[in-house]
Amino acid sequence: MARRVILDCDTGTDDAIAIMLAATRPELDLMAVTAVWGNHAVEHTADNSRRTLDLIGRSEVPVYAGRSAPVAPPPGAPAAIGSTEPDTLPIPPATAPLEDRDAVGWLIETARAATQRFTLVPTGSLSNVAAAVAEDPAFLDAVEEIVIMGGVTERGGLLPDIETNVGYDPEAAQVVLDAGFERLVLVPLDATYRTIVTSEQCATLRKAGGAAAGVAADFIEQRIERYRTLPAMEGRAAAPVHDALTVAYLVDPTLVTLRPATIRVHTGDSPTRGRTDIAFDPAGAVHVATDPDAERFFGLLLESLTGL
Ligand code: BDR
Ligand code: CA
């Protein structure tokens with residue numbers, strides 16, 4: 001039976017590819033997309049989610065818009081910097097309307113009514129999920145597994161010190177990490193920067209054919225343009241597609257190795273606000289994705305998006 005999944009996204013280009021994967025894989029039953037603020041305002045991330053679903057012929061999947069700001073920022077907390085991506089994805093406008101319900105209310109109601117548990121995949125700021133947990137602690141009981149794109153383990157290397165999904169709302173991230181979800185998987189930057197997609201692979205994707213493959217190739221090429229000057233890319237014409245790795249893990253858990261860890265988020269007005277201290281520890285409750293298989297990750301993208 002297909003696994004029931006809700007994506008909670010701040011949809012820009014990599015969230016869009018995660019949505020495409022989740023909406024097309026037979027192993028997954030995409031119940032809804034809940035939009036959250038993050039790289040862009042929630043109006044844009046909700047609209048981009050709708051556009052993406054339309055593009056791949058899944059306009060019947062409902063999209064709910066949620067939180068548009070951090071849950072409990074300390075006074076004087078710096079505002080999020082925002083993304084260098086355009087706020088609206090360059091694909092046709094959606095035909096189906098946004099749902100009326102607020103995403104957090106819908107998540108809580110869905111959890112209360114659930115006769116089967118679902119998997120929750122946050123790939124944006126954790127504001128919606130933290131709000132749902134705060135409003136109804138029993139929300140956790142309906143979640144079989146939560147798979148979060150967020151955080152970074154490496155310090156002092158080439159990766160950013162702060163990962164944006166955690167950095168935009170660190171208090172929310174800490175609430176979610178501490179909430180007591182039965183199984184929490186974290187896919188950090190360390191893993192996503194090891195599953196980079198190259199411009200040659202974009203050409204392969206485009207050649208494979210179909211609107212979804214073509215748009216995904218366009219999006220990844222745009223990402224490559226933005227990433228190629230970052231130290232972590234070391235001059236390679238390639239870019240991570242962070243959020244897609246969460247869904248790829250759900251389709252094929254053997255793509256990564258999970259290692260137990262404990263995590264502390266730097267919160268409040270600390271100058272290191274948004275950092276994640278990830279300590280690998282056999283007794284840790286968080287499962288951190290490590291050692292991803294980049295070739296098989298791209299193979300899954302190609303196989304899933306070709307011909308749609
Ligand atoms: C995360 O931040 C956003 O830019 C991406 O969509 C991804 O979810 C990576 O740090
Ligand atoms: Ca995202």
# chains A, B, ... in the order shown; residues from 1 in each chain; ligands from 1
call {"tool": "residues_around", "arguments": {"residues": "Ala179 in chain A", "least_positions_apart": "4", "cutoff": "10 Å", "atoms": "only C-alpha atoms", "output": "JSON, numbers by chain"}}
result
{"A": [130, 133, 134, 137, 140, 173, 174, 175, 184]}
call {"tool": "write_last_selection", "arguments": {"atoms": "N, CA, C and O atoms", "output": "PDB file, in the first residue's frame"}}
result
ATOM      1  N   ALA A 130       5.827  23.351  14.102  1.00  0.00           N
ATOM      2  CA  ALA A 130       5.930  23.749  15.514  1.00  0.00           C
ATOM      3  C   ALA A 130       4.583  24.289  16.007  1.00  0.00           C
ATOM      4  O   ALA A 130       4.166  24.003  17.136  1.00  0.00           O
ATOM      5  N   VAL A 133       2.228  21.334  16.659  1.00  0.00           N
ATOM      6  CA  VAL A 133       2.594  20.613  17.889  1.00  0.00           C
ATOM      7  C   VAL A 133       2.185  21.427  19.115  1.00  0.00           C
ATOM      8  O   VAL A 133       1.679  20.887  20.107  1.00  0.00           O
ATOM      9  N   ALA A 134       2.402  22.754  19.050  1.00  0.00           N
ATOM     10  CA  ALA A 134       2.069  23.603  20.203  1.00  0.00           C
ATOM     11  C   ALA A 134       0.552  23.648  20.419  1.00  0.00           C
ATOM     12  O   ALA A 134       0.082  23.612  21.557  1.00  0.00           O
ATOM     13  N   PRO A 137      -0.665  18.846  21.158  1.00  0.00           N
ATOM     14  CA  PRO A 137       0.437  17.897  21.344  1.00  0.00           C
ATOM     15  C   PRO A 137       0.104  16.492  20.827  1.00  0.00           C
ATOM     16  O   PRO A 137       1.018  15.734  20.477  1.00  0.00           O
ATOM     17  N   LEU A 140       1.328  14.606  17.251  1.00  0.00           N
ATOM     18  CA  LEU A 140       2.443  13.671  17.058  1.00  0.00           C
ATOM     19  C   LEU A 140       1.975  12.246  16.801  1.00  0.00           C
ATOM     20  O   LEU A 140       2.613  11.504  16.062  1.00  0.00           O
ATOM     21  N   ALA A 173      12.363  25.010  15.043  1.00  0.00           N
ATOM     22  CA  ALA A 173      13.140  23.786  14.807  1.00  0.00           C
ATOM     23  C   ALA A 173      13.375  23.051  16.124  1.00  0.00           C
ATOM     24  O   ALA A 173      13.212  21.828  16.205  1.00  0.00           O
ATOM     25  N   GLN A 174      13.708  23.800  17.180  1.00  0.00           N
ATOM     26  CA  GLN A 174      13.964  23.144  18.469  1.00  0.00           C
ATOM     27  C   GLN A 174      12.686  22.500  19.006  1.00  0.00           C
ATOM     28  O   GLN A 174      12.714  21.381  19.528  1.00  0.00           O
ATOM     29  N   VAL A 175      11.549  23.194  18.852  1.00  0.00           N
ATOM     30  CA  VAL A 175      10.266  22.615  19.299  1.00  0.00           C
ATOM     31  C   VAL A 175      10.018  21.286  18.584  1.00  0.00           C
ATOM     32  O   VAL A 175       9.664  20.276  19.199  1.00  0.00           O
ATOM     33  N   LEU A 184      12.102  10.432  13.884  1.00  0.00           N
ATOM     34  CA  LEU A 184      12.456  11.705  13.254  1.00  0.00           C
ATOM     35  C   LEU A 184      13.761  11.528  12.486  1.00  0.00           C
ATOM     36  O   LEU A 184      14.783  11.143  13.061  1.00  0.00           O
TER      37      LEU A 184
END
call {"tool": "select_by_dssp", "arguments": {"residues": "range 222-302 of chain A", "states": "strand (DSSP E)", "output": "VMD selection string"}}
result
chain A and resid 238 to 239 257 to 265 276 to 280 286 to 290
call {"tool": "write_last_selection", "arguments": {"atoms": "N, CA and C atoms", "output": "PDB file, in the first residue's frame"}}
result
ATOM      1  N   ALA A 238      27.573  22.222 -10.827  1.00  0.00           N
ATOM      2  CA  ALA A 238      26.650  21.281 -10.192  1.00  0.00           C
ATOM      3  C   ALA A 238      25.985  21.986  -9.022  1.00  0.00           C
ATOM      4  N   ALA A 239      24.883  21.435  -8.560  1.00  0.00           N
ATOM      5  CA  ALA A 239      24.195  22.040  -7.407  1.00  0.00           C
ATOM      6  C   ALA A 239      23.431  20.979  -6.634  1.00  0.00           C
ATOM      7  N   THR A 257      22.569   6.336   4.828  1.00  0.00           N
ATOM      8  CA  THR A 257      22.762   5.584   6.072  1.00  0.00           C
ATOM      9  C   THR A 257      22.262   6.478   7.190  1.00  0.00           C
ATOM     10  N   LEU A 258      21.428   5.940   8.057  1.00  0.00           N
ATOM     11  CA  LEU A 258      20.928   6.751   9.176  1.00  0.00           C
ATOM     12  C   LEU A 258      21.796   6.506  10.405  1.00  0.00           C
ATOM     13  N   ARG A 259      22.216   7.608  11.037  1.00  0.00           N
ATOM     14  CA  ARG A 259      23.032   7.493  12.254  1.00  0.00           C
ATOM     15  C   ARG A 259      22.345   8.244  13.385  1.00  0.00           C
ATOM     16  N   PRO A 260      22.184   7.597  14.555  1.00  0.00           N
ATOM     17  CA  PRO A 260      21.516   8.281  15.666  1.00  0.00           C
ATOM     18  C   PRO A 260      22.347   9.451  16.182  1.00  0.00           C
ATOM     19  N   ALA A 261      21.667  10.490  16.581  1.00  0.00           N
ATOM     20  CA  ALA A 261      22.367  11.692  17.041  1.00  0.00           C
ATOM     21  C   ALA A 261      21.478  12.471  18.008  1.00  0.00           C
ATOM     22  N   THR A 262      22.119  13.360  18.747  1.00  0.00           N
ATOM     23  CA  THR A 262      21.377  14.365  19.514  1.00  0.00           C
ATOM     24  C   THR A 262      21.653  15.718  18.844  1.00  0.00           C
ATOM     25  N   ILE A 263      20.672  16.606  18.919  1.00  0.00           N
ATOM     26  CA  ILE A 263      20.808  17.896  18.218  1.00  0.00           C
ATOM     27  C   ILE A 263      20.392  19.031  19.132  1.00  0.00           C
ATOM     28  N   ARG A 264      21.205  20.062  19.123  1.00  0.00           N
ATOM     29  CA  ARG A 264      20.824  21.299  19.819  1.00  0.00           C
ATOM     30  C   ARG A 264      20.839  22.421  18.790  1.00  0.00           C
ATOM     31  N   VAL A 265      19.802  23.227  18.835  1.00  0.00           N
ATOM     32  CA  VAL A 265      19.728  24.371  17.919  1.00  0.00           C
ATOM     33  C   VAL A 265      20.123  25.622  18.700  1.00  0.00           C
ATOM     34  N   THR A 276      23.211  24.336  14.185  1.00  0.00           N
ATOM     35  CA  THR A 276      22.788  23.059  14.762  1.00  0.00           C
ATOM     36  C   THR A 276      24.027  22.326  15.267  1.00  0.00           C
ATOM     37  N   ASP A 277      24.044  21.990  16.543  1.00  0.00           N
ATOM     38  CA  ASP A 277      25.110  21.133  17.068  1.00  0.00           C
ATOM     39  C   ASP A 277      24.599  19.699  16.973  1.00  0.00           C
ATOM     40  N   ILE A 278      25.172  18.943  16.069  1.00  0.00           N
ATOM     41  CA  ILE A 278      24.722  17.563  15.854  1.00  0.00           C
ATOM     42  C   ILE A 278      25.816  16.636  16.391  1.00  0.00           C
ATOM     43  N   ALA A 279      25.466  15.871  17.422  1.00  0.00           N
ATOM     44  CA  ALA A 279      26.448  14.954  18.019  1.00  0.00           C
ATOM     45  C   ALA A 279      25.999  13.525  17.759  1.00  0.00           C
ATOM     46  N   PHE A 280      26.803  12.777  17.025  1.00  0.00           N
ATOM     47  CA  PHE A 280      26.439  11.386  16.771  1.00  0.00           C
ATOM     48  C   PHE A 280      26.589  10.612  18.081  1.00  0.00           C
ATOM     49  N   VAL A 286      17.402  11.264  17.231  1.00  0.00           N
ATOM     50  CA  VAL A 286      17.247  11.744  15.850  1.00  0.00           C
ATOM     51  C   VAL A 286      18.095  10.865  14.929  1.00  0.00           C
ATOM     52  N   HIS A 287      17.520  10.504  13.781  1.00  0.00           N
ATOM     53  CA  HIS A 287      18.260   9.705  12.801  1.00  0.00           C
ATOM     54  C   HIS A 287      18.763  10.657  11.722  1.00  0.00           C
ATOM     55  N   VAL A 288      20.066  10.799  11.627  1.00  0.00           N
ATOM     56  CA  VAL A 288      20.636  11.746  10.666  1.00  0.00           C
ATOM     57  C   VAL A 288      21.067  10.989   9.412  1.00  0.00           C
ATOM     58  N   ALA A 289      20.632  11.489   8.256  1.00  0.00           N
ATOM     59  CA  ALA A 289      20.990  10.849   6.978  1.00  0.00           C
ATOM     60  C   ALA A 289      22.435  11.192   6.629  1.00  0.00           C
ATOM     61  N   THR A 290      23.240  10.168   6.371  1.00  0.00           N
ATOM     62  CA  THR A 290      24.646  10.371   6.002  1.00  0.00           C
ATOM     63  C   THR A 290      24.962   9.487   4.793  1.00  0.00           C
TER      64      THR A 290
END
call {"tool": "select_by_dssp", "arguments": {"residues": "range 40-286 of chain A", "states": "helix (DSSP H, G or I)", "output": "NGL selection string"}}
result
:A and (42-55 or 103-113 or 127-135 or 137-142 or 164-168 or 170-178 or 189-192 or 199-208 or 211-227 or 231-233 or 244-251 or 253-255)
call {"tool": "residues_around", "arguments": {"residues": "Arg112 in chain A", "least_positions_apart": "4", "cutoff": "9 Å", "atoms": "only C-alpha atoms", "output": "list of chain:residue names"}}
result
A:Leu107, A:Ile108, A:Ala138, A:Phe139, A:Asp141, A:Ala142
call {"tool": "closest_atom_pairs", "arguments": {"of": "chain A", "to": "ligand 1", "cutoff": "8 Å", "atoms": "only C-alpha atoms and all ligand atoms", "output": "Markdown table"}}
result
| residue | atom | partner | partner_atom_place_in_ligand_line | distance |
| --- | --- | --- | --- | --- |
| A:Cys9 | CA | ligand 1 | 8 (O) | 7.6 |
| A:Asp10 | CA | ligand 1 | 6 (O) | 6.6 |
| A:Thr11 | CA | ligand 1 | 6 (O) | 6.7 |
| A:Gly12 | CA | ligand 1 | 6 (O) | 5.9 |
| A:Thr13 | CA | ligand 1 | 6 (O) | 6.9 |
| A:Asp14 | CA | ligand 1 | 6 (O) | 5.3 |
| A:Asp15 | CA | ligand 1 | 6 (O) | 5.4 |
| A:Gly38 | CA | ligand 1 | 3 (C) | 7.4 |
| A:Asn39 | CA | ligand 1 | 4 (O) | 6.1 |
| A:Ser83 | CA | ligand 1 | 4 (O) | 6.7 |
| A:Thr123 | CA | ligand 1 | 8 (O) | 4.6 |
| A:Gly124 | CA | ligand 1 | 8 (O) | 5.0 |
| A:Ser125 | CA | ligand 1 | 8 (O) | 7.9 |
| A:Met149 | CA | ligand 1 | 8 (O) | 6.0 |
| A:Gly150 | CA | ligand 1 | 10 (O) | 6.4 |
| A:Gly151 | CA | ligand 1 | 10 (O) | 7.6 |
| A:Glu163 | CA | ligand 1 | 10 (O) | 4.6 |
| A:Thr164 | CA | ligand 1 | 10 (O) | 4.6 |
| A:Asn165 | CA | ligand 1 | 2 (O) | 5.1 |
| A:Leu189 | CA | ligand 1 | 10 (O) | 6.6 |
| A:Val241 | CA | ligand 1 | 7 (C) | 7.8 |
| A:His242 | CA | ligand 1 | 7 (C) | 5.4 |
| A:Asp243 | CA | ligand 1 | 8 (O) | 5.2 |
call {"tool": "closest_residue", "arguments": {"among": "A:Ile162, A:Leu230, A:Ile148, A:Ala111", "to": "ligand 2", "atoms": "only C-alpha atoms and all ligand atoms"}}
result
A:Ile148
call {"tool": "residues_around", "arguments": {"residues": "Gly299 in chain A", "least_positions_apart": "4", "cutoff": "12 Å", "atoms": "only C-alpha atoms", "output": "ChimeraX atom specification"}}
result
/A:195,197,201-202,204-205,208,248,252,255,293-295,303-306
call {"tool": "closest_residue", "arguments": {"among": "A:Gly66, A:Gly167, A:Pro97, A:Pro86", "to": "Ser270 in chain A", "atoms": "only C-alpha atoms"}}
result
A:Gly167
call {"tool": "residues_around", "arguments": {"residues": "Gln222 in chain A", "least_positions_apart": "5", "cutoff": "9 Å", "atoms": "only C-alpha atoms", "output": "count of residues only"}}
result
4
call {"tool": "residues_around", "arguments": {"residues": "Phe181 in chain A", "least_positions_apart": "4", "cutoff": "9 Å", "atoms": "only C-alpha atoms", "output": "CSV table (one decimal) with N, CA, C and O atoms, in the first residue's frame"}}
result
chain,number,residue,atom,x,y,z
A,140,LEU,N,1.3,14.6,17.3
A,140,LEU,CA,2.4,13.7,17.1
A,140,LEU,C,2.0,12.2,16.8
A,140,LEU,O,2.6,11.5,16.1
A,141,ASP,N,0.9,11.9,17.5
A,141,ASP,CA,0.5,10.5,17.4
A,141,ASP,C,0.1,10.0,16.0
A,141,ASP,O,0.1,8.8,15.7
A,143,VAL,N,1.6,10.9,13.3
A,143,VAL,CA,2.8,11.0,12.4
A,143,VAL,C,3.6,9.8,12.6
A,143,VAL,O,4.3,9.6,13.7
A,144,GLU,N,3.7,8.9,11.6
A,144,GLU,CA,4.4,7.7,11.6
A,144,GLU,C,5.9,8.0,11.6
A,144,GLU,O,6.8,7.4,12.3
A,145,GLU,N,6.3,9.0,10.8
A,145,GLU,CA,7.7,9.4,10.6
A,145,GLU,C,7.7,10.8,10.1
A,145,GLU,O,6.8,11.2,9.3
A,146,ILE,N,8.6,11.6,10.6
A,146,ILE,CA,8.8,13.0,10.1
A,146,ILE,C,10.2,13.0,9.5
A,146,ILE,O,11.2,12.6,10.2
A,176,VAL,N,10.2,21.3,17.3
A,176,VAL,CA,9.9,20.1,16.5
A,176,VAL,C,10.9,18.9,16.9
A,176,VAL,O,10.5,17.8,17.1
A,177,LEU,N,12.2,19.3,17.1
A,177,LEU,CA,13.2,18.3,17.4
A,177,LEU,C,12.9,17.7,18.8
A,177,LEU,O,13.2,16.5,19.0
call {"tool": "atom_distance", "arguments": {"atom1": "CA of Thr88 in chain A", "atom2": "CA of Ala23 in chain A"}}
result
20.2 Å
call {"tool": "closest_residue", "arguments": {"among": "A:Leu245, A:Leu250, A:Met20, A:Leu159", "to": "Leu55 in chain A", "atoms": "only C-alpha atoms"}}
result
A:Met20
